[in-house]
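**Q** First the structure, then my questions, so here it is.
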Amino acid sequence: MFKDVNKLRPLVIQIILLIFFTILVSIYAIHTHNMYKQEIIRNNARIIGIIIEKYPNIEIEAIKEIISDDANIEQGIETLGKYGIDDIENLDEITSINKLKNKMVLGNIIFVVSVIIIYILINLYFYKKEDKRLNDISNYISNILNNDYSLDIREYDEDSISALKNYIYKITIKLRNMSEYSQKEKEYLEVALSDISHQLKTPLTSIMVMNELLENKNLEESKRKECQQKSKQQLEKIQWLITSLLKISQIDSGTIKLKKENVNAKELINKTQEPLIIQIEAKSITLVKDIEENLEIICDENWTVEALINIIKNAYEHTEKEGTIKIMVQGNPIYNEIKIEDNGSGIREEDINHIFERFYKGKSNKESIGIGLNMSKTIIEKQNGTIEVQSTEGVGTCFTIKMFKF
């Protein structure tokens with residue numbers, strides 16, 4: 001509705017001006033009519049004055065007949081014709097008529113010029129006003145190009161320029177947010193690159209040391225195998241780090257779209273434990289599963305498996321030999337809940353609020369890279385889920401994941 005009003009606004013202004021000028025014309029016409037009436041009165045007065053001067057005893061009734069509409073006009077015109085003043089053009093020879101004509105011409109010129117000047121002034125006023133507002137927009141855009149987002153050009157009128165200003169202001173807010181976000185991303189990237197280079201530096205240094213040892217021909221066979229095994233472990237660590245970073249970058253950049261599909265809970269947990277079963281069995285850890293029958297979870301199966309693997313991996317890394325890891329899955333009308341609980345070393349109180357931060361390393365676990373749990377949290381939250389942790393140092397840790405159904 002406002003857009004229609006904005007389009008009609010120039011037309012409304014022109015209509016108002018037309019009404020204004022019509023009123024002026026009407027006033028001028030009334031003024032002209034009054035001038036004619038005054039001239040008629042003067043002319044009648046002149047005629048009566050002459051008659052009274054020549055014939056002082058004339059009856060008042062005769063004078064009334066002279067100025068009445070029923071007077072003998074034809075006879076009067078015939079008499080005027082004898083003196084050549086019955087023609088309109090010849091009336092200009094009469095001084096009073098000529099003066100009236102000059103007044104009329106001058107009055108018309110003054111009136112027309114006045115109307116034109118008023119019209120021009122009114123249009124100049126609106127033009128300057130619109131021009132100033134457009135200059136404000138131009139200056140505002142110039143400030144934006146110079147990364148100055150401090151100005152506010154919003155207006156609360158309903159015309160087109162106000163709508164344009166408000167629209168530009170909305171774009172400004174988005175640009176400012178994008179700029180701030182870009183700056184934060186730049187700062188984060190600097191920190192991330194620093195952390196990544198540090199993470200890669202340690203295993204690469206270790207591999208270089210191992211290779212130097214392997215170049216020694218006199219190295220004992222047992223030591224050689226040990227160096228080879230450690231080099232392999234460091235290479236696997238680098239491979240896992242690079243793979244994890246690629247997955248995180250995919251999630252952060254939005255290049256992947258997480259699907260919503262009904263996944264059987266039991267099959268989901270089985271796929272989660274498969275890559276870790278050898279490590280779990282190597283530490284003689286008991287894996288206990290309590291999964292509600294025929295329960296389905298709405299999620300992206302592959303990425304949810306990735307998230308759960310990182311959590312279970314964290315559990316067995318902090319659980320001593322012959323420990324226990326429990327995986328419990330239950331559902332209710334609002335959400336499906338996955339609990340992963342261990343009786344391991346637990347998390348220090350000063351670390352528990354930071355374990356989901358990227359590249360955060362707890363003081364008790366310097367070998368950790370600090371990627372896995374952050375990636376798990378990101379994947380779960382992008383699927384309308386939440387993840388919480390409860391832990392007691394020396395007792396164990398419990399991760400609770402809620403995948404909402406709506």
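Residue names in the structure tokens use chain letters A, B, ... in the order shown, residue numbers from 1 in each chain, and ligand numbers from 1 in the order shown.
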Considering only C-alpha atoms, return as a PDB file with C-alpha atoms, in the first residue's frame whatever protein or nucleic-acid residues lie within 12 Å of Lys259 (chain A), sequence-local ones (same chain, fewer than 4 positions apart) excluded.
**A**
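part03.pdb written:
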ATOM      1  CA  VAL A 263      18.052 -44.019  10.742  1.00  0.00           C
ATOM      2  CA  ILE A 298      16.229 -38.262  12.317  1.00  0.00           C
ATOM      3  CA  CYS A 299      19.765 -37.362  11.208  1.00  0.00           C
ATOM      4  CA  ASP A 300      22.414 -37.552   8.509  1.00  0.00           C
ATOM      5  CA  GLU A 301      23.732 -41.067   9.077  1.00  0.00           C
ATOM      6  CA  ASN A 302      27.306 -40.649   7.821  1.00  0.00           C
ATOM      7  CA  TRP A 303      28.045 -37.377   9.602  1.00  0.00           C
ATOM      8  CA  THR A 304      26.321 -38.465  12.812  1.00  0.00           C
ATOM      9  CA  ILE A 379      27.770 -31.734  13.436  1.00  0.00           C
ATOM     10  CA  LYS A 382      23.745 -28.346  12.703  1.00  0.00           C
ATOM     11  CA  GLN A 383      21.172 -31.150  12.927  1.00  0.00           C
ATOM     12  CA  ASN A 384      19.032 -29.367  15.534  1.00  0.00           C
TER      13      ASN A 384
END
**Q** Going by DSSP on the backbone, which bits of region 150-352 of chain A are strand (DSSP E or B)? Write them as a PyMOL selection string, please.
**A** chain A and resi 261-264+286-291+296-299+324-331+335-342
**Q** Any idea what's packed within 10 Å of Met104 (chain A), counting only C-alpha atoms, ignoring anything in its chain fewer than 6 positions away? Could you give it as a VMD selection string?
**A** chain A and resid 32 35 to 36 98 110
**Q** Can you tell me how far CA of Ala265 (chain A) sits from CA of Asp252 (chain A), in Å to one decimal?
**A**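 These atoms are spaced 26.5 Å apart.
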**Q** Please list as a ChimeraX atom specification every residue within 7 Å of Gly394 (chain A), counting only C-alpha atoms and excluding residues in the same chain fewer than 2 positions away.
**A** /A:344-346,392,396
**Q** Could you turn the residues from that selection into a file that holds all heavy atoms, as a tab-separated table (two decimals), in the first residue's frame?
**A**
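In the end it all went to part.tsv:
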chain	number	residue	atom	x	y	z
A	344	GLY	N	36.36	-43.71	33.14
A	344	GLY	CA	37.78	-43.40	32.98
A	344	GLY	C	38.26	-42.33	33.94
A	344	GLY	O	37.72	-42.13	35.03
A	345	SER	N	39.28	-41.60	33.47
A	345	SER	CA	39.96	-40.63	34.34
A	345	SER	C	39.16	-39.37	34.58
A	345	SER	O	39.44	-38.60	35.50
A	345	SER	CB	41.31	-40.26	33.73
A	345	SER	OG	41.12	-39.72	32.43
A	346	GLY	N	38.14	-39.13	33.75
A	346	GLY	CA	37.33	-37.93	33.93
A	346	GLY	C	38.02	-36.68	33.38
A	346	GLY	O	39.14	-36.73	32.87
A	392	THR	N	33.39	-36.21	36.44
A	392	THR	CA	34.02	-36.10	37.75
A	392	THR	C	35.41	-36.71	37.63
A	392	THR	O	35.56	-37.86	37.19
A	392	THR	CB	33.22	-36.85	38.83
A	392	THR	OG1	31.89	-36.32	38.87
A	392	THR	CG2	33.88	-36.69	40.19
A	396	GLY	N	34.71	-40.64	36.04
A	396	GLY	CA	34.26	-40.92	34.68
A	396	GLY	C	33.57	-39.72	34.05
A	396	GLY	O	33.40	-38.68	34.66
**Q** Name the residues in contact with Lys266 (chain A) at a cut-off of 10 Å, using only C-alpha atoms, excluding same-chain residues fewer than 4 positions from it; report them as a list in words.
**A**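 The neighbour list is Asn270, Lys271, Thr272, Lys289, Asp290, Ile291, Glu292, Glu293, Asn294, Leu295, Glu296, Ile297 and Val329 of chain A.
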**Q** Keeping only all heavy atoms, write the selected residues to a file as a short mmCIF file (atom, residue, chain, number, x, y, z; two decimals), in the first residue's frame.
**A**
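Saved result, out-v8.cif, follows:
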data_model
loop_
_atom_site.label_atom_id
_atom_site.label_comp_id
_atom_site.auth_asym_id
_atom_site.auth_seq_id
_atom_site.Cartn_x
_atom_site.Cartn_y
_atom_site.Cartn_z
N ASN A 270 26.05 -49.48 15.76
CA ASN A 270 26.94 -50.54 15.26
C ASN A 270 27.96 -49.97 14.28
O ASN A 270 29.14 -50.33 14.31
CB ASN A 270 26.11 -51.63 14.57
CG ASN A 270 25.34 -52.48 15.58
OD1 ASN A 270 25.70 -52.53 16.77
ND2 ASN A 270 24.27 -53.13 15.13
N LYS A 271 27.51 -49.04 13.40
CA LYS A 271 28.44 -48.42 12.46
C LYS A 271 29.44 -47.52 13.18
O LYS A 271 30.58 -47.36 12.73
CB LYS A 271 27.67 -47.59 11.43
CG LYS A 271 26.91 -48.44 10.42
CD LYS A 271 26.24 -47.57 9.37
CE LYS A 271 25.52 -48.43 8.33
NZ LYS A 271 24.87 -47.61 7.28
N THR A 272 29.01 -46.98 14.31
CA THR A 272 29.89 -46.11 15.08
C THR A 272 31.02 -46.89 15.74
O THR A 272 32.17 -46.41 15.80
CB THR A 272 29.07 -45.37 16.16
OG1 THR A 272 28.07 -44.57 15.51
CG2 THR A 272 29.95 -44.47 16.99
N LYS A 289 25.83 -51.88 25.54
CA LYS A 289 24.87 -51.11 24.75
C LYS A 289 23.45 -51.37 25.25
O LYS A 289 23.06 -52.51 25.48
CB LYS A 289 24.98 -51.50 23.27
CG LYS A 289 26.30 -51.11 22.63
CD LYS A 289 26.34 -51.41 21.15
CE LYS A 289 26.42 -52.93 20.91
NZ LYS A 289 26.54 -53.23 19.46
N ASP A 290 22.73 -50.29 25.42
CA ASP A 290 21.33 -50.36 25.83
C ASP A 290 20.54 -49.46 24.87
O ASP A 290 20.45 -48.25 25.06
CB ASP A 290 21.17 -49.89 27.27
CG ASP A 290 19.72 -49.96 27.74
OD1 ASP A 290 18.88 -50.54 27.02
OD2 ASP A 290 19.42 -49.41 28.83
N ILE A 291 19.97 -50.08 23.83
CA ILE A 291 19.33 -49.32 22.75
C ILE A 291 17.87 -49.72 22.65
O ILE A 291 17.54 -50.91 22.58
CB ILE A 291 20.04 -49.57 21.41
CG1 ILE A 291 21.54 -49.24 21.54
CG2 ILE A 291 19.40 -48.75 20.30
CD1 ILE A 291 22.36 -49.64 20.34
N GLU A 292 17.01 -48.73 22.65
CA GLU A 292 15.56 -49.00 22.54
C GLU A 292 15.26 -49.66 21.19
O GLU A 292 15.75 -49.24 20.14
CB GLU A 292 14.79 -47.68 22.66
CG GLU A 292 13.29 -47.84 22.63
CD GLU A 292 12.57 -46.51 22.81
OE1 GLU A 292 13.11 -45.62 23.51
OE2 GLU A 292 11.47 -46.36 22.25
N GLU A 293 14.45 -50.69 21.24
CA GLU A 293 14.13 -51.45 20.03
C GLU A 293 13.33 -50.59 19.04
O GLU A 293 12.46 -49.81 19.42
CB GLU A 293 13.32 -52.71 20.39
CG GLU A 293 14.12 -53.78 21.10
CD GLU A 293 15.18 -54.40 20.19
OE1 GLU A 293 14.95 -54.43 18.95
OE2 GLU A 293 16.21 -54.85 20.71
N ASN A 294 13.64 -50.79 17.75
CA ASN A 294 12.92 -50.15 16.65
C ASN A 294 12.89 -48.62 16.74
O ASN A 294 12.02 -47.97 16.17
CB ASN A 294 11.48 -50.68 16.58
CG ASN A 294 11.43 -52.18 16.39
OD1 ASN A 294 12.22 -52.76 15.65
ND2 ASN A 294 10.50 -52.84 17.08
N LEU A 295 13.86 -48.08 17.44
CA LEU A 295 13.94 -46.62 17.56
C LEU A 295 14.63 -46.04 16.32
O LEU A 295 15.66 -46.55 15.89
CB LEU A 295 14.71 -46.22 18.82
CG LEU A 295 14.88 -44.72 19.06
CD1 LEU A 295 13.53 -44.06 19.30
CD2 LEU A 295 15.83 -44.47 20.22
N GLU A 296 14.05 -44.99 15.78
CA GLU A 296 14.65 -44.32 14.63
C GLU A 296 15.01 -42.88 14.99
O GLU A 296 14.25 -42.20 15.68
CB GLU A 296 13.69 -44.32 13.44
CG GLU A 296 13.52 -45.71 12.83
CD GLU A 296 12.75 -45.67 11.51
OE1 GLU A 296 11.99 -44.69 11.30
OE2 GLU A 296 12.91 -46.60 10.70
N ILE A 297 16.18 -42.47 14.52
CA ILE A 297 16.67 -41.12 14.80
C ILE A 297 16.72 -40.35 13.49
O ILE A 297 17.21 -40.85 12.48
CB ILE A 297 18.08 -41.17 15.44
CG1 ILE A 297 18.02 -41.94 16.76
CG2 ILE A 297 18.64 -39.77 15.64
CD1 ILE A 297 19.37 -42.15 17.40
N VAL A 329 20.66 -45.49 24.29
CA VAL A 329 19.84 -44.72 23.36
C VAL A 329 18.37 -44.91 23.71
O VAL A 329 17.86 -46.04 23.70
CB VAL A 329 20.09 -45.14 21.89
CG1 VAL A 329 19.32 -44.22 20.95
CG2 VAL A 329 21.58 -45.13 21.57
#
